[in-house]
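What's in coords_0.txt: compact mmCIF, C-alpha atoms
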```
# COMPACT_ATOMS: atom_id res chain seq x y z
CA MET A 12 -15.86 -1.54 20.34
CA LYS A 13 -12.80 -1.93 22.56
CA ILE A 14 -9.83 0.10 21.37
CA LYS A 15 -6.52 0.26 23.23
CA VAL A 16 -5.10 3.77 23.72
CA LEU A 17 -1.30 3.82 23.39
CA TYR A 18 -0.73 7.56 23.89
CA GLU A 19 -2.91 10.52 24.76
CA ASP A 20 -2.52 14.23 25.46
CA LYS A 21 -5.05 17.07 25.27
CA ASP A 22 -4.76 17.23 21.46
CA ILE A 23 -3.73 13.82 20.11
CA LEU A 24 -4.65 10.15 20.52
CA ALA A 25 -2.58 7.20 19.37
CA ILE A 26 -4.55 3.96 19.34
CA ASP A 27 -3.88 0.30 18.62
CA LYS A 28 -6.18 -0.41 15.68
CA PRO A 29 -7.39 -4.03 15.44
CA SER A 30 -7.36 -5.82 12.10
CA GLY A 31 -10.78 -5.96 10.46
CA VAL A 32 -11.99 -2.55 11.68
CA LEU A 33 -12.54 0.21 9.13
CA ALA A 34 -10.87 3.53 9.90
CA HIS A 35 -13.29 5.91 8.17
CA PRO A 36 -17.09 5.59 7.88
CA ASP A 37 -18.77 4.20 4.78
CA LYS A 38 -22.33 3.10 4.04
CA ILE A 39 -21.69 -0.47 5.21
CA ALA A 40 -19.66 0.18 8.38
CA GLU A 41 -21.49 3.32 9.50
CA GLY A 42 -21.24 3.71 13.27
CA ARG A 43 -18.62 0.97 13.68
CA THR A 44 -15.40 2.63 12.60
CA ILE A 45 -12.37 4.11 14.36
CA LEU A 46 -13.58 7.65 13.64
CA ASP A 47 -17.05 6.86 15.04
CA TRP A 48 -15.41 5.48 18.19
CA ALA A 49 -13.26 8.62 18.61
CA ARG A 50 -16.10 11.07 18.05
CA LYS A 51 -18.19 9.58 20.83
CA LYS A 52 -15.74 11.15 23.27
CA TYR A 53 -14.22 13.89 21.10
CA PRO A 54 -16.88 15.28 18.69
CA LYS A 55 -14.31 17.23 16.66
CA ALA A 56 -11.94 14.29 16.22
CA GLU A 57 -10.38 13.67 12.81
CA LEU A 58 -8.12 10.91 11.53
CA ALA A 59 -4.54 12.10 11.00
CA HIS A 60 -3.96 9.26 8.52
CA ARG A 61 -5.54 5.92 7.63
CA LEU A 62 -4.78 2.23 7.83
CA ASP A 63 -6.44 -0.32 5.58
CA ARG A 64 -9.25 -2.32 7.16
CA GLU A 65 -7.14 -5.48 7.57
CA THR A 66 -3.99 -3.67 8.73
CA SER A 67 -3.47 -3.52 12.49
CA GLY A 68 -1.33 -1.27 14.66
CA VAL A 69 -0.60 2.33 15.61
CA MET A 70 -2.92 5.02 14.29
CA LEU A 71 -3.03 8.76 15.10
CA ILE A 72 -6.23 10.71 15.79
CA ALA A 73 -6.44 14.49 16.23
CA LYS A 74 -8.89 15.60 18.91
CA ASN A 75 -9.39 19.06 17.42
CA GLU A 76 -8.90 21.11 14.27
CA LYS A 77 -5.60 22.64 15.41
CA ALA A 78 -4.06 19.22 16.09
CA HIS A 79 -5.39 17.86 12.80
CA GLY A 80 -3.72 20.70 10.89
CA ALA A 81 -0.43 20.23 12.74
CA LEU A 82 -0.32 16.48 12.13
CA LYS A 83 -1.38 16.84 8.50
CA LYS A 84 1.51 19.26 7.96
CA GLN A 85 3.97 16.80 9.54
CA PHE A 86 2.80 14.04 7.20
CA GLN A 87 3.08 16.35 4.17
CA GLU A 88 6.59 17.43 5.18
CA ARG A 89 7.58 13.81 5.95
CA VAL A 90 8.38 14.57 9.57
CA VAL A 91 6.38 11.55 10.72
CA LYS A 92 8.35 8.29 10.79
CA LYS A 93 6.46 5.01 10.40
CA ILE A 94 7.65 1.43 10.76
CA TYR A 95 5.63 -1.60 9.71
CA ASN A 96 6.07 -5.34 10.03
CA ALA A 97 4.99 -7.50 7.12
CA ILE A 98 5.09 -11.14 6.15
CA VAL A 99 5.50 -11.42 2.40
CA SER A 100 5.61 -14.27 -0.09
CA GLY A 101 8.93 -15.75 -1.16
CA SER A 102 12.56 -15.36 -0.06
CA PHE A 103 14.81 -12.33 -0.54
CA ARG A 104 18.36 -12.50 -1.84
CA ASN A 105 19.37 -9.25 -0.14
CA ASP A 106 18.78 -8.42 3.51
CA ARG A 107 18.02 -4.78 2.78
CA GLY A 108 16.54 -2.84 -0.08
CA MET A 109 14.74 0.26 -1.27
CA ILE A 110 11.88 0.49 -3.76
CA ASN A 111 11.69 3.88 -5.49
CA LYS A 112 8.82 3.55 -7.95
CA PRO A 113 5.95 5.98 -8.57
CA ILE A 114 2.43 4.69 -8.01
CA GLY A 115 -0.62 5.27 -10.21
CA ARG A 116 -4.01 3.68 -10.75
CA SER A 117 -4.67 0.22 -12.11
CA PRO A 118 -6.43 0.36 -15.49
CA ARG A 119 -8.39 -2.80 -14.72
CA ASP A 120 -9.61 -2.41 -11.13
CA PHE A 121 -10.57 0.93 -9.56
CA ARG A 122 -9.76 -0.48 -6.08
CA ARG A 123 -6.14 -1.19 -6.95
CA TYR A 124 -3.02 0.89 -7.44
CA LEU A 125 -0.04 -0.01 -9.56
CA ALA A 126 3.71 0.67 -9.70
CA GLY A 127 5.59 0.42 -12.96
CA ARG A 128 4.38 -0.48 -16.41
CA GLY A 129 0.66 -0.15 -17.09
CA ALA A 130 -0.19 2.33 -14.32
CA ARG A 131 -2.60 5.10 -15.30
CA GLY A 132 -3.41 8.63 -14.14
CA GLU A 133 -1.16 10.79 -11.98
CA MET A 134 2.05 8.98 -11.05
CA ARG A 135 2.96 9.92 -7.48
CA GLU A 136 6.41 9.51 -5.95
CA ALA A 137 6.63 6.49 -3.64
CA ILE A 138 9.67 5.25 -1.70
CA THR A 139 9.75 2.19 0.56
CA GLU A 140 12.71 0.78 2.49
CA TYR A 141 12.74 -2.76 3.87
CA ARG A 142 14.92 -5.02 6.00
CA VAL A 143 14.70 -8.80 6.31
CA LEU A 144 14.12 -9.96 9.88
CA LYS A 145 13.61 -13.67 9.30
CA HIS A 146 13.20 -16.20 6.50
CA LEU A 147 10.29 -18.60 6.94
CA ARG A 148 9.77 -21.94 5.22
CA ILE A 149 6.65 -24.02 5.72
CA LYS A 150 6.45 -27.82 5.51
CA THR A 151 3.46 -29.84 4.37
CA ASP A 152 2.41 -30.26 8.03
CA GLN A 153 2.09 -26.45 8.22
CA LYS A 154 5.11 -26.19 10.53
CA GLN A 155 8.29 -24.21 10.01
CA ILE A 156 11.75 -25.58 9.45
CA ASP A 157 15.10 -23.92 9.97
CA PRO A 158 15.88 -21.95 6.76
CA ASP A 159 19.45 -23.28 6.87
CA ILE A 160 18.28 -26.89 6.48
CA SER A 161 18.56 -28.15 2.92
CA VAL A 162 15.22 -28.55 1.16
CA ASN A 163 16.66 -31.70 -0.43
CA GLN A 164 17.02 -33.42 2.91
CA LYS A 165 15.12 -36.71 2.96
CA GLY A 166 11.63 -36.50 4.43
CA ILE A 167 11.27 -32.71 4.08
CA SER A 168 8.75 -31.23 1.67
CA ILE A 169 8.32 -27.48 1.42
CA ILE A 170 4.98 -25.99 0.41
CA GLY A 171 5.74 -22.31 0.87
CA SER A 172 8.38 -19.70 1.66
CA PHE A 173 7.76 -16.36 3.34
CA THR A 174 9.87 -13.51 4.69
CA PHE A 175 9.31 -11.44 7.82
CA LEU A 176 10.16 -7.80 7.10
CA GLU A 177 10.59 -4.45 8.78
CA VAL A 178 9.27 -1.84 6.34
CA LYS A 179 9.73 1.94 6.39
CA PRO A 180 7.57 3.86 3.92
CA LYS A 181 9.19 7.24 3.22
CA THR A 182 6.06 8.49 1.46
CA GLY A 183 2.42 7.90 2.32
CA ARG A 184 0.63 6.66 -0.79
CA THR A 185 -2.54 4.60 -0.64
CA HIS A 186 -1.68 0.86 -0.40
CA GLN A 187 2.00 1.81 -0.82
CA ILE A 188 3.58 -1.19 0.93
CA ARG A 189 1.16 -3.62 -0.68
CA VAL A 190 1.74 -2.17 -4.16
CA HIS A 191 5.52 -2.03 -3.85
CA MET A 192 5.79 -5.57 -2.50
CA LYS A 193 3.63 -6.76 -5.40
CA TYR A 194 5.88 -4.84 -7.80
CA ILE A 195 9.00 -6.74 -6.65
CA ASN A 196 7.12 -10.08 -6.79
CA HIS A 197 6.92 -10.48 -3.01
CA PRO A 198 3.27 -9.59 -2.29
CA VAL A 199 2.10 -9.27 1.30
CA ALA A 200 0.76 -12.62 2.50
CA CYS A 201 -3.04 -13.03 2.59
CA ASP A 202 -3.60 -9.93 0.47
CA SER A 203 -6.94 -10.66 -1.19
CA LEU A 204 -6.67 -7.59 -3.43
CA TYR A 205 -3.09 -7.81 -4.70
CA ASN A 206 -2.39 -11.53 -4.25
CA PRO A 207 -5.79 -13.33 -4.29
CA ALA A 208 -4.36 -16.71 -5.32
CA GLY A 209 -1.43 -16.64 -2.90
CA MET A 210 -1.01 -19.03 0.00
CA CYS A 211 -1.45 -17.76 3.56
CA PRO A 212 1.09 -18.75 6.23
CA PRO A 213 -0.13 -20.93 9.11
CA GLY A 214 -2.39 -19.10 11.56
CA PHE A 215 -3.22 -16.20 9.24
CA LYS A 216 -6.70 -15.29 8.04
CA ARG A 217 -5.92 -11.58 7.56
CA LEU A 218 -3.57 -9.31 5.66
CA ALA A 219 -0.09 -9.86 7.14
CA LEU A 220 0.67 -6.17 7.67
CA HIS A 221 1.08 -4.41 11.02
CA ALA A 222 1.85 -0.76 11.82
CA LYS A 223 4.52 -1.30 14.46
CA SER A 224 5.44 2.26 15.41
CA ILE A 225 5.00 5.92 14.60
CA GLU A 226 7.11 8.94 15.58
CA PHE A 227 5.75 12.49 15.46
CA LYS A 228 5.82 15.83 17.31
CA ASN A 229 3.03 16.85 19.65
CA LEU A 230 1.77 20.43 19.75
CA LYS A 231 4.43 21.30 22.34
CA GLY A 232 7.12 20.33 19.84
CA GLU A 233 8.10 17.21 21.76
CA THR A 234 9.07 14.12 19.78
CA ILE A 235 6.76 11.22 20.62
CA LYS A 236 7.28 7.61 19.55
CA VAL A 237 4.46 5.13 20.02
CA GLU A 238 4.73 1.37 19.49
CA SER A 239 2.23 -1.45 19.10
CA SER A 240 3.02 -5.04 20.08
CA LEU A 241 3.01 -7.67 17.36
CA PRO A 242 -0.36 -9.44 17.06
CA LYS A 243 -0.54 -13.05 18.23
CA GLU A 244 -0.42 -14.61 14.76
CA PHE A 245 2.77 -12.69 13.90
CA LYS A 246 4.45 -13.72 17.16
CA GLU A 247 3.57 -17.39 16.75
CA LEU A 248 4.87 -17.54 13.18
CA THR A 249 8.09 -15.59 13.74
CA ARG A 250 9.23 -16.75 17.19
```
Output the structure of this file as C-alpha cells.
Amino acid sequence: MKIKVLYEDKDILAIDKPSGVLAHPDKIAEGRTILDWARKKYPKAELAHRLDRETSGVMLIAKNEKAHGALKKQFQERVVKKIYNAIVSGSFRNDRGMINKPIGRSPRDFRRYLAGRGARGEMREAITEYRVLKHLRIKTDQKQIDPDISVNQKGISIIGSFTFLEVKPKTGRTHQIRVHMKYINHPVACDSLYNPAGMCPPGFKRLALHAKSIEFKNLKGETIKVESSLPKEFKELTR
C-alpha cells in the first residue's frame, strides 16, 4: 500500500488517505488498512481520528501513547480545525450557512445516523458550517454549463445540479457531514448509504467528500496546518 506522508515529526504522522481504503481493521480488510500500514513502522501507532472508507484526504496518526492522548484531548476540546470539500446534490440559495442539529441513530438501519425527527438513542450535539464555492449544472452529454446560462435556452437540457462546498465541522460526530447534508436535502453526491438513488456527477465513482486540511498542535505546542490536494475527479469537475 502506497500512502503519501504530508507531515511527520517524532510523535505524529499526517497522511493523505486514498479513497477506498479502510482506516481501522475489520474482519474483511484485516492487514490492509491505514492502521496496519502505520504499525508496520510504528508498532504503537494509533489513529487520532477516522475517515470513512470512501473519504479521501488528511488523516492524523499518533506514533505513541503520549501523542495519542494529546491529540485525543485536542479533538475533545475542539482545538483541532478541519476543512472538507464536498460535492452535494442540488443548488443552494445562500452562499453560506450553518447546520446546528443533534445527531442520533437511525431506527431503521444500524449503519446510519440521523439528524432531526425520528432519530433514536443519545442525541449528540453536531454543528457544521458550509460555504458555496461553485454551482455545477450537468447537461445530457455529461458536460457542465455556465450556471448563469438560462436553463430555458434552446438546445440545453439539464439532467442534474450539484454544488461544490467548503465544509467546516465544528464537532466530530460519526458521518456528521453526510448526515447534515442529507438533513438539509443536499446529500453528498455518490453517497450509497445516505443517497443510494442519487445521481453521481461525471467522473465520480466514489463518495464526493475530501478532507482538505487539518490544523492541530504538536507536542511542542506549535500550531501545524496540513493540506491535501484535491483528487483528480474533484479538479476536473470544478475547474
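Here CA of Ala81 in chain A stands at a distance of 26.5 Å from CA of Glu133 in chain A.
Across A:Lys243, A:Arg107, A:Lys77, A:Arg142, the tightest approach to Asn229 in chain A is made by A:Lys77 when counting all atoms listed in the file.
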Separation of CA of Arg148 in chain A and CA of Gly127 in chain A, in Å? 29.1 Å
Would you please work out which residue, of A:Leu147, A:Leu62, A:Ile26, A:Ala130, is nearest to Glu247 in chain A when using all atoms listed in the file? A:Leu147
Would you be able to write out as a PDB file with C-alpha atoms, keeping the file's coordinate frame which residues have an atom within 8 Å of (-6.9, -14.7, 4.4) in the file's coordinates, counting all atoms listed in the file?
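Generated file (selection36.pdb):
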```pdb
ATOM      1  CA  CYS A 201      -3.040 -13.030   2.590  1.00  0.00           C
ATOM      2  CA  ASP A 202      -3.600  -9.930   0.470  1.00  0.00           C
ATOM      3  CA  SER A 203      -6.940 -10.660  -1.190  1.00  0.00           C
ATOM      4  CA  CYS A 211      -1.450 -17.760   3.560  1.00  0.00           C
ATOM      5  CA  PHE A 215      -3.220 -16.200   9.240  1.00  0.00           C
ATOM      6  CA  LYS A 216      -6.700 -15.290   8.040  1.00  0.00           C
ATOM      7  CA  ARG A 217      -5.920 -11.580   7.560  1.00  0.00           C
ATOM      8  CA  LEU A 218      -3.570  -9.310   5.660  1.00  0.00           C
TER       9      LEU A 218
END
```
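Taking all atoms listed in the file, the non-local environment of Asn206 in chain A within 10 Å (same-chain residues fewer than 6 positions away omitted) comprises Ser100, Arg189, Lys193, Asn196, His197, Pro198, Val199 and Ala200 of chain A.
Using only C-alpha atoms for every distance, the candidate list A:Gly31, A:Gly132, A:Pro113, A:Gly171 yields A:Gly171 as the residue closest to Gly209 in chain A.
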Put the listed atoms of range 200-214 of chain A in a box along x, y and z with 5 Å added on every side and give me the centre and edge lengths in Å to one decimal, as JSON.
```
{"center_x": -2.9, "center_y": -14.3, "center_z": 3.1, "size_x": 18.0, "size_y": 23.3, "size_z": 26.9}
```
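For the set A:Tyr53, A:Phe86, A:Tyr95, A:Phe227, the residue with the smallest atom-to-atom gap to Lys179 in chain A is A:Tyr95, counting all atoms listed in the file.
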Kindly extract all protein, DNA and RNA residues lying within 9 Å of the coordinates (14.9, -14.9, 4.6) given in the file, considering only C-alpha atoms, and supply them as a PyMOL selection string. chain A and resi 101-106+143-148+158+172-176
